[in-house]
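Below you'll find the structure, written out as structure tokens, and then a few comments.
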Number of protein chains: 2
Amino acid sequence: MPDRDFDRTTVLGKVMTVLHAYSIDDSVLSLAELTRRTQIPKGTLHRVLTDMVEVRLLDRTGAGYRLGGHLFELGMRASVERSLLEVSIPFLEELNVRIHETVHLGILDGTDVVYLTKIGGHRQASAPSRIGGRMPLHCTAIGKVLLANADSSLREKILSAPLPRYTPHTMILPGPILAQLDRIAAEGVAFEYEESAAGIVCVAAPIRDGDRVVAAISVTGPSHRFRPEAHAASVRAAAEGIGVTLARRSRLLTEPRS
Amino acid sequence: MPDRDFDRTTVLGKVMTVLHAYSIDDSVLSLAELTRRTQIPKGTLHRVLTDMVEVRLLDRTGAGYRLGGHLFELGMRASVERSLLEVSIPFLEELNVRIHETVHLGILDGTDVVYLTKIGGHRQASAPSRIGGRMPLHCTAIGKVLLANADSSLREKILSAPLPRYTPHTMILPGPILAQLDRIAAEGVAFEYEESAAGIVCVAAPIRDGDRVVAAISVTGPSHRFRPEAHAASVRAAAEGIGVTLARRSRLLTEPRS
DNA sequence: GCAGCGCGTTCCGCTGACCGGAACTCTTCG
DNA sequence: CGAAGAGTTCCGGTCAGCGGAACGCGCTGC
């Protein structure tokens, strides 16, 4: 788990350490389990957990502690993600209705994609992505779009480290990836052919707010029935629609600078 | 703002106070503004904010601080909300495609509804609801469903306090509301006719995980074209579908108790 | 120009919030 | 019945955190 770790001497550090002890599909963790994962002394941890329950960061259940619903609500107040989400949903829906395959919205965070939402009907392809989950940049269509439009220091950082392989098709050599990234930056569309999971293919396009790429969307389907190239234009159009709407909206506010 | 307030003498309390200083549509707040809202001494607050930026609860921008993207991610790990969301989305989508009006998913939190998601196409009715936002229980279809299925202490608590009026149609007298709640509990469907916002009508149905009502869904449309009664059956069917899927899923895990 | 204001930042000595080892209870096994 | 593991409580020591005060900067208006 390559999670950044926190200063375990401060209260806030401990709290964040606890929150990070939960992985994407843990639901309830016991005190003992949390002690193991966080390395925080049992007595101390017990008090911290009690405090966290008090402020509703955690919920107490019979079996232990789980992340509180309050946290969800706070997360939804995060402005950037929220407005992106609100603006995008209608476009994503439209894409989904038209193409009948799973649609993703993702942003760049550190060296990963984080998925803000995922819309797929009942018959959706079983992609490894989860809402709020992470995937590496080099082997997903959204990741490649984001990386292609990020500044070059990130490219170097990603490509200089050894790249994990997920399937026989995962590209792990910097050279070919670099070439592909250049093409993606030029064309404004990225593809993925079973590079992150077997049987899954993707198309993705960047969402621009002004000239900066702030997110990307993709359509994902099973390789036997889905031809990504056939939908590149639709995906790009939707991404542009979102971008235009975002720009219009943010022009109304006093523009926050990054 | 009836926000619960926190112990401002502890670090965690201060952190929570800061997070709560952001309302649903604030994006960037300056140090000075936060000082005013939180009443925390400037020097102290400055340090706390710096620490929060360090652990990525906040992002620093040119103009001040905004809630960090990290918070969004943590929020998405909250198990109950997440699994509810993941399971529900396909059903909500299906409803939306069939009915072509805005679909909501909401849960009970304290004395409010909290909306987990909202799916509506481009032509969606302008409901006052926002993803992650709150609405009172007595004047929304989802709220009434949740209240009707909550234990009686909550009913008393809500109905004994003065109920805010939003439109001429908002019901503010305990008697009629109580009668309606009983009917809703019996029938498993609630309606709302311009009680929370003018021109907006709703149908809602409860989602059951086992025998407990854990959430509710609704379809919302403008009163001039949308007949809520006509879609009660669809909404109820979708809610039941979600419930069944939830139950199947949670049977796989070691059942966490509340 | 300069006084006044509001904002962000830094400093520093005091103190009580926080720390965590240890001791205790209560199950759950073998 | 003893051992092992989980959760909870206690308490004296101390350092993380506190916040008042002072500083620098960019406004605005007299």
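Labels for the structure tokens follow display order: chains A, B, ..., residues from 1 in each chain, ligands from 1.
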
With 10 Å as the limit and counting only C-alpha atoms (C1' of nucleotides), what residues in chain A lie close to chain D? Please list them as a short mmCIF file (atom, residue, chain, number, x, y, z; two decimals) with N, CA and C atoms, in the first residue's frame.
```cif
data_model
loop_
_atom_site.label_atom_id
_atom_site.label_comp_id
_atom_site.auth_asym_id
_atom_site.auth_seq_id
_atom_site.Cartn_x
_atom_site.Cartn_y
_atom_site.Cartn_z
N THR A 9 2.88 11.67 15.50
CA THR A 9 2.99 12.32 16.80
C THR A 9 1.89 13.37 17.02
N THR A 10 1.28 13.83 15.95
CA THR A 10 0.22 14.82 16.12
C THR A 10 -1.14 14.15 16.09
N VAL A 11 -2.10 14.79 16.67
CA VAL A 11 -3.45 14.25 16.69
C VAL A 11 -3.97 14.09 15.27
N SER A 30 -12.09 -3.64 13.47
CA SER A 30 -12.07 -3.70 14.93
C SER A 30 -10.91 -2.89 15.48
N LEU A 31 -10.98 -2.60 16.74
CA LEU A 31 -9.89 -1.88 17.39
C LEU A 31 -8.57 -2.63 17.18
N ALA A 32 -8.60 -3.91 17.40
CA ALA A 32 -7.38 -4.70 17.29
C ALA A 32 -6.80 -4.60 15.87
N LYS A 42 -2.45 0.73 21.58
CA LYS A 42 -3.86 0.40 21.78
C LYS A 42 -4.62 1.43 22.61
N GLY A 43 -4.02 1.81 23.73
CA GLY A 43 -4.69 2.76 24.62
C GLY A 43 -4.97 4.08 23.90
N HIS A 46 -7.56 3.79 21.15
CA HIS A 46 -8.92 3.70 21.67
C HIS A 46 -9.50 5.09 21.93
N ARG A 47 -8.69 5.94 22.52
CA ARG A 47 -9.15 7.29 22.78
C ARG A 47 -9.41 8.06 21.49
#
```

Would you give me, as a tab-separated table, each residue of chain B having an atom within 6 Å of an atom of chain A, along with its shortest atom pair and that distance in Å to one decimal, using only C-alpha atoms and sorting by chain and residue number?
```
residue	atom	partner	partner_atom	distance
B:Ile24	CA	A:Arg77	CA	5.6
B:Ser27	CA	A:Ser79	CA	5.2
B:Thr61	CA	A:Ser258	CA	5.1
B:Gly62	CA	A:Arg257	CA	5.4
B:Leu67	CA	A:Ala78	CA	4.8
B:Leu71	CA	A:Gly75	CA	4.8
B:Phe72	CA	A:Gly75	CA	3.7
B:Glu73	CA	A:Gly132	CA	5.1
B:Gly75	CA	A:Phe72	CA	3.7
B:Met76	CA	A:Gly132	CA	5.2
B:Arg77	CA	A:Ile24	CA	5.7
B:Ala78	CA	A:Leu67	CA	4.8
B:Ser79	CA	A:Ser27	CA	5.2
B:Pro90	CA	A:Gly121	CA	4.7
B:Gly121	CA	A:Pro90	CA	4.7
B:His122	CA	A:Pro90	CA	5.6
B:Gly132	CA	A:Met76	CA	5.2
B:Arg257	CA	A:Gly62	CA	5.5
B:Ser258	CA	A:Thr61	CA	5.2
```

Convert the current residue selection to file output with C-alpha atoms, as a PDB file, in the first residue's frame.
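Below is the file that was written, result00.pdb:
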```
ATOM      1  CA  ILE B  24     -22.569  23.551   0.334  1.00  0.00           C
ATOM      2  CA  SER B  27     -15.613  27.017  -2.771  1.00  0.00           C
ATOM      3  CA  THR B  61      -5.217  28.282  -3.618  1.00  0.00           C
ATOM      4  CA  GLY B  62      -4.140  31.789  -4.465  1.00  0.00           C
ATOM      5  CA  LEU B  67     -11.841  21.548   0.692  1.00  0.00           C
ATOM      6  CA  LEU B  71     -11.719  14.552   1.305  1.00  0.00           C
ATOM      7  CA  PHE B  72     -13.875  13.475  -1.592  1.00  0.00           C
ATOM      8  CA  GLU B  73     -11.947  10.272  -1.862  1.00  0.00           C
ATOM      9  CA  GLY B  75     -15.921  10.231   1.703  1.00  0.00           C
ATOM     10  CA  MET B  76     -16.334   7.682  -1.025  1.00  0.00           C
ATOM     11  CA  ARG B  77     -14.838   5.024   1.189  1.00  0.00           C
ATOM     12  CA  ALA B  78     -17.661   5.360   3.674  1.00  0.00           C
ATOM     13  CA  SER B  79     -18.998   1.886   3.310  1.00  0.00           C
ATOM     14  CA  PRO B  90     -28.105   1.156 -12.431  1.00  0.00           C
ATOM     15  CA  GLY B 121     -30.736  14.739 -17.942  1.00  0.00           C
ATOM     16  CA  HIS B 122     -30.039  18.125 -19.434  1.00  0.00           C
ATOM     17  CA  GLY B 132     -24.404  15.801  -0.675  1.00  0.00           C
ATOM     18  CA  ARG B 257     -24.776  -4.701  12.953  1.00  0.00           C
ATOM     19  CA  SER B 258     -25.959  -1.223  13.704  1.00  0.00           C
TER      20      SER B 258
END
```

Contacts between chain A and chain C, please, where a residue of chain C counts if it comes within 10 Å (with only C-alpha atoms (C1' of nucleotides)); show its shortest atom pair and distance in Å to one decimal, rows by chain and ascending number, as CSV.
```
residue,atom,partner,partner_atom,distance
C:DC18,C1',A:Val11,CA,8.3
C:DC19,C1',A:Thr44,CA,7.0
C:DG20,C1',A:Thr44,CA,6.2
C:DG21,C1',A:Gly43,CA,8.7
```

How would you write, as a ChimeraX atom specification, the set of residues in region 21-125 of chain A that DSSP gives as alpha helix (DSSP H)?
-> /A:21,31-38,42-54,69-77,79-99

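Those residues of region 29-163 of chain A that DSSP, working from the backbone, places in strand (DSSP E) are Leu58, Asp59, Arg60, Thr61, Gly64, Tyr65, Arg66, Leu67, Thr102, Val103, His104, Leu105, Gly106, Ile107, Leu108, Asp109, Asp112, Val113, Val114, Tyr115, Leu116, Thr117, Lys118, Ile119, Arg134, Met135 and Pro136 of chain A.
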
Selected residues, N, CA and C atoms, written as a PDB file, in the first residue's frame, please.
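Contents of again-v7.pdb, freshly written:
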```pdb
ATOM      1  N   LEU A  58     -16.240   8.597  12.361  1.00  0.00           N
ATOM      2  CA  LEU A  58     -16.445   7.156  12.376  1.00  0.00           C
ATOM      3  C   LEU A  58     -17.806   6.860  12.989  1.00  0.00           C
ATOM      4  N   ASP A  59     -18.345   5.705  12.631  1.00  0.00           N
ATOM      5  CA  ASP A  59     -19.540   5.200  13.298  1.00  0.00           C
ATOM      6  C   ASP A  59     -19.163   3.951  14.069  1.00  0.00           C
ATOM      7  N   ARG A  60     -19.712   3.868  15.250  1.00  0.00           N
ATOM      8  CA  ARG A  60     -19.495   2.694  16.059  1.00  0.00           C
ATOM      9  C   ARG A  60     -20.507   1.638  15.636  1.00  0.00           C
ATOM     10  N   THR A  61     -20.071   0.414  15.426  1.00  0.00           N
ATOM     11  CA  THR A  61     -21.030  -0.657  15.189  1.00  0.00           C
ATOM     12  C   THR A  61     -20.717  -1.756  16.182  1.00  0.00           C
ATOM     13  N   GLY A  64     -17.187  -3.091  15.510  1.00  0.00           N
ATOM     14  CA  GLY A  64     -16.018  -2.223  15.463  1.00  0.00           C
ATOM     15  C   GLY A  64     -16.372  -0.836  14.958  1.00  0.00           C
ATOM     16  N   TYR A  65     -15.511  -0.301  14.139  1.00  0.00           N
ATOM     17  CA  TYR A  65     -15.708   1.057  13.644  1.00  0.00           C
ATOM     18  C   TYR A  65     -15.788   1.056  12.125  1.00  0.00           C
ATOM     19  N   ARG A  66     -16.642   1.930  11.606  1.00  0.00           N
ATOM     20  CA  ARG A  66     -16.626   2.095  10.158  1.00  0.00           C
ATOM     21  C   ARG A  66     -16.672   3.579   9.829  1.00  0.00           C
ATOM     22  N   LEU A  67     -16.263   3.907   8.608  1.00  0.00           N
ATOM     23  CA  LEU A  67     -16.207   5.314   8.204  1.00  0.00           C
ATOM     24  C   LEU A  67     -17.597   5.904   8.257  1.00  0.00           C
ATOM     25  N   THR A 102     -20.292   1.102 -20.011  1.00  0.00           N
ATOM     26  CA  THR A 102     -19.966   1.830 -18.780  1.00  0.00           C
ATOM     27  C   THR A 102     -19.184   3.111 -19.058  1.00  0.00           C
ATOM     28  N   VAL A 103     -19.577   4.187 -18.389  1.00  0.00           N
ATOM     29  CA  VAL A 103     -18.932   5.481 -18.570  1.00  0.00           C
ATOM     30  C   VAL A 103     -18.238   5.881 -17.265  1.00  0.00           C
ATOM     31  N   HIS A 104     -17.007   6.407 -17.377  1.00  0.00           N
ATOM     32  CA  HIS A 104     -16.267   6.839 -16.194  1.00  0.00           C
ATOM     33  C   HIS A 104     -15.944   8.323 -16.248  1.00  0.00           C
ATOM     34  N   LEU A 105     -15.808   8.911 -15.057  1.00  0.00           N
ATOM     35  CA  LEU A 105     -15.252  10.262 -14.945  1.00  0.00           C
ATOM     36  C   LEU A 105     -14.111  10.171 -13.956  1.00  0.00           C
ATOM     37  N   GLY A 106     -12.910  10.636 -14.369  1.00  0.00           N
ATOM     38  CA  GLY A 106     -11.756  10.510 -13.478  1.00  0.00           C
ATOM     39  C   GLY A 106     -10.901  11.762 -13.458  1.00  0.00           C
ATOM     40  N   ILE A 107     -10.211  11.975 -12.349  1.00  0.00           N
ATOM     41  CA  ILE A 107      -9.270  13.090 -12.264  1.00  0.00           C
ATOM     42  C   ILE A 107      -7.893  12.576 -11.877  1.00  0.00           C
ATOM     43  N   LEU A 108      -6.909  13.432 -12.093  1.00  0.00           N
ATOM     44  CA  LEU A 108      -5.539  13.098 -11.737  1.00  0.00           C
ATOM     45  C   LEU A 108      -5.309  13.444 -10.281  1.00  0.00           C
ATOM     46  N   ASP A 109      -4.720  12.519  -9.541  1.00  0.00           N
ATOM     47  CA  ASP A 109      -4.339  12.852  -8.176  1.00  0.00           C
ATOM     48  C   ASP A 109      -3.036  12.141  -7.877  1.00  0.00           C
ATOM     49  N   ASP A 112      -1.979   8.765  -9.757  1.00  0.00           N
ATOM     50  CA  ASP A 112      -3.089   7.854 -10.050  1.00  0.00           C
ATOM     51  C   ASP A 112      -4.264   8.593 -10.675  1.00  0.00           C
ATOM     52  N   VAL A 113      -5.149   7.811 -11.266  1.00  0.00           N
ATOM     53  CA  VAL A 113      -6.478   8.303 -11.597  1.00  0.00           C
ATOM     54  C   VAL A 113      -7.351   8.062 -10.371  1.00  0.00           C
ATOM     55  N   VAL A 114      -8.218   9.015 -10.050  1.00  0.00           N
ATOM     56  CA  VAL A 114      -9.262   8.767  -9.058  1.00  0.00           C
ATOM     57  C   VAL A 114     -10.592   8.888  -9.785  1.00  0.00           C
ATOM     58  N   TYR A 115     -11.439   7.880  -9.623  1.00  0.00           N
ATOM     59  CA  TYR A 115     -12.724   7.896 -10.319  1.00  0.00           C
ATOM     60  C   TYR A 115     -13.767   8.642  -9.513  1.00  0.00           C
ATOM     61  N   LEU A 116     -14.362   9.641 -10.108  1.00  0.00           N
ATOM     62  CA  LEU A 116     -15.396  10.400  -9.404  1.00  0.00           C
ATOM     63  C   LEU A 116     -16.751   9.735  -9.543  1.00  0.00           C
ATOM     64  N   THR A 117     -16.998   9.159 -10.679  1.00  0.00           N
ATOM     65  CA  THR A 117     -18.225   8.387 -10.804  1.00  0.00           C
ATOM     66  C   THR A 117     -18.100   7.384 -11.926  1.00  0.00           C
ATOM     67  N   LYS A 118     -19.075   6.523 -11.973  1.00  0.00           N
ATOM     68  CA  LYS A 118     -19.063   5.413 -12.919  1.00  0.00           C
ATOM     69  C   LYS A 118     -20.523   5.108 -13.182  1.00  0.00           C
ATOM     70  N   ILE A 119     -20.922   5.220 -14.426  1.00  0.00           N
ATOM     71  CA  ILE A 119     -22.314   4.960 -14.754  1.00  0.00           C
ATOM     72  C   ILE A 119     -22.381   3.806 -15.727  1.00  0.00           C
ATOM     73  N   ARG A 134      -8.812   4.109  -7.106  1.00  0.00           N
ATOM     74  CA  ARG A 134      -7.658   4.567  -7.865  1.00  0.00           C
ATOM     75  C   ARG A 134      -7.182   3.519  -8.856  1.00  0.00           C
ATOM     76  N   MET A 135      -6.588   4.000  -9.942  1.00  0.00           N
ATOM     77  CA  MET A 135      -5.921   3.104 -10.879  1.00  0.00           C
ATOM     78  C   MET A 135      -4.665   3.828 -11.359  1.00  0.00           C
ATOM     79  N   PRO A 136      -3.644   3.070 -11.758  1.00  0.00           N
ATOM     80  CA  PRO A 136      -2.431   3.729 -12.246  1.00  0.00           C
ATOM     81  C   PRO A 136      -2.672   4.422 -13.588  1.00  0.00           C
TER      82      PRO A 136
END
```

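Across the structure, CA of Gly243 (chain B) and CA of Arg208 (chain B) are spaced 5.0 Å apart.
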
Here CA of Val213 (chain B) and CA of Phe191 (chain B) stand apart by 17.4 Å

Excluding Pro168 (chain A) and residues on its chain fewer than 6 positions from it, collect all residues at most 12 Å away from it, counting only C-alpha atoms (C1' of nucleotides), and give them as a PyMOL selection string.
-> chain A and resi 139+193-199

Store the residues of this selection in a file with N, CA and C atoms, as a PDB file, in the first residue's frame.
```pdb
ATOM      1  N   CYS A 139      -1.874   2.471 -17.643  1.00  0.00           N
ATOM      2  CA  CYS A 139      -2.559   1.351 -18.275  1.00  0.00           C
ATOM      3  C   CYS A 139      -4.062   1.562 -18.387  1.00  0.00           C
ATOM      4  N   TYR A 193      -6.455  -1.172 -24.754  1.00  0.00           N
ATOM      5  CA  TYR A 193      -6.875  -2.502 -25.184  1.00  0.00           C
ATOM      6  C   TYR A 193      -6.400  -3.557 -24.188  1.00  0.00           C
ATOM      7  N   GLU A 194      -7.260  -3.900 -23.266  1.00  0.00           N
ATOM      8  CA  GLU A 194      -6.964  -4.944 -22.275  1.00  0.00           C
ATOM      9  C   GLU A 194      -5.643  -4.722 -21.565  1.00  0.00           C
ATOM     10  N   GLU A 195      -5.325  -3.474 -21.245  1.00  0.00           N
ATOM     11  CA  GLU A 195      -4.054  -3.186 -20.591  1.00  0.00           C
ATOM     12  C   GLU A 195      -4.186  -3.170 -19.064  1.00  0.00           C
ATOM     13  N   SER A 196      -5.408  -2.927 -18.584  1.00  0.00           N
ATOM     14  CA  SER A 196      -5.593  -2.910 -17.126  1.00  0.00           C
ATOM     15  C   SER A 196      -6.330  -4.156 -16.646  1.00  0.00           C
ATOM     16  N   ALA A 197      -7.146  -4.735 -17.503  1.00  0.00           N
ATOM     17  CA  ALA A 197      -7.851  -5.958 -17.147  1.00  0.00           C
ATOM     18  C   ALA A 197      -8.172  -6.718 -18.426  1.00  0.00           C
ATOM     19  N   ALA A 198      -8.142  -8.023 -18.353  1.00  0.00           N
ATOM     20  CA  ALA A 198      -8.396  -8.839 -19.531  1.00  0.00           C
ATOM     21  C   ALA A 198      -9.840  -8.664 -19.992  1.00  0.00           C
ATOM     22  N   GLY A 199     -10.030  -8.560 -21.295  1.00  0.00           N
ATOM     23  CA  GLY A 199     -11.377  -8.520 -21.836  1.00  0.00           C
ATOM     24  C   GLY A 199     -12.022  -7.154 -21.851  1.00  0.00           C
TER      25      GLY A 199
END
```

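For the pair CA of Leu147 (chain A) and CA of Pro222 (chain A), the separation is 23.9 Å.
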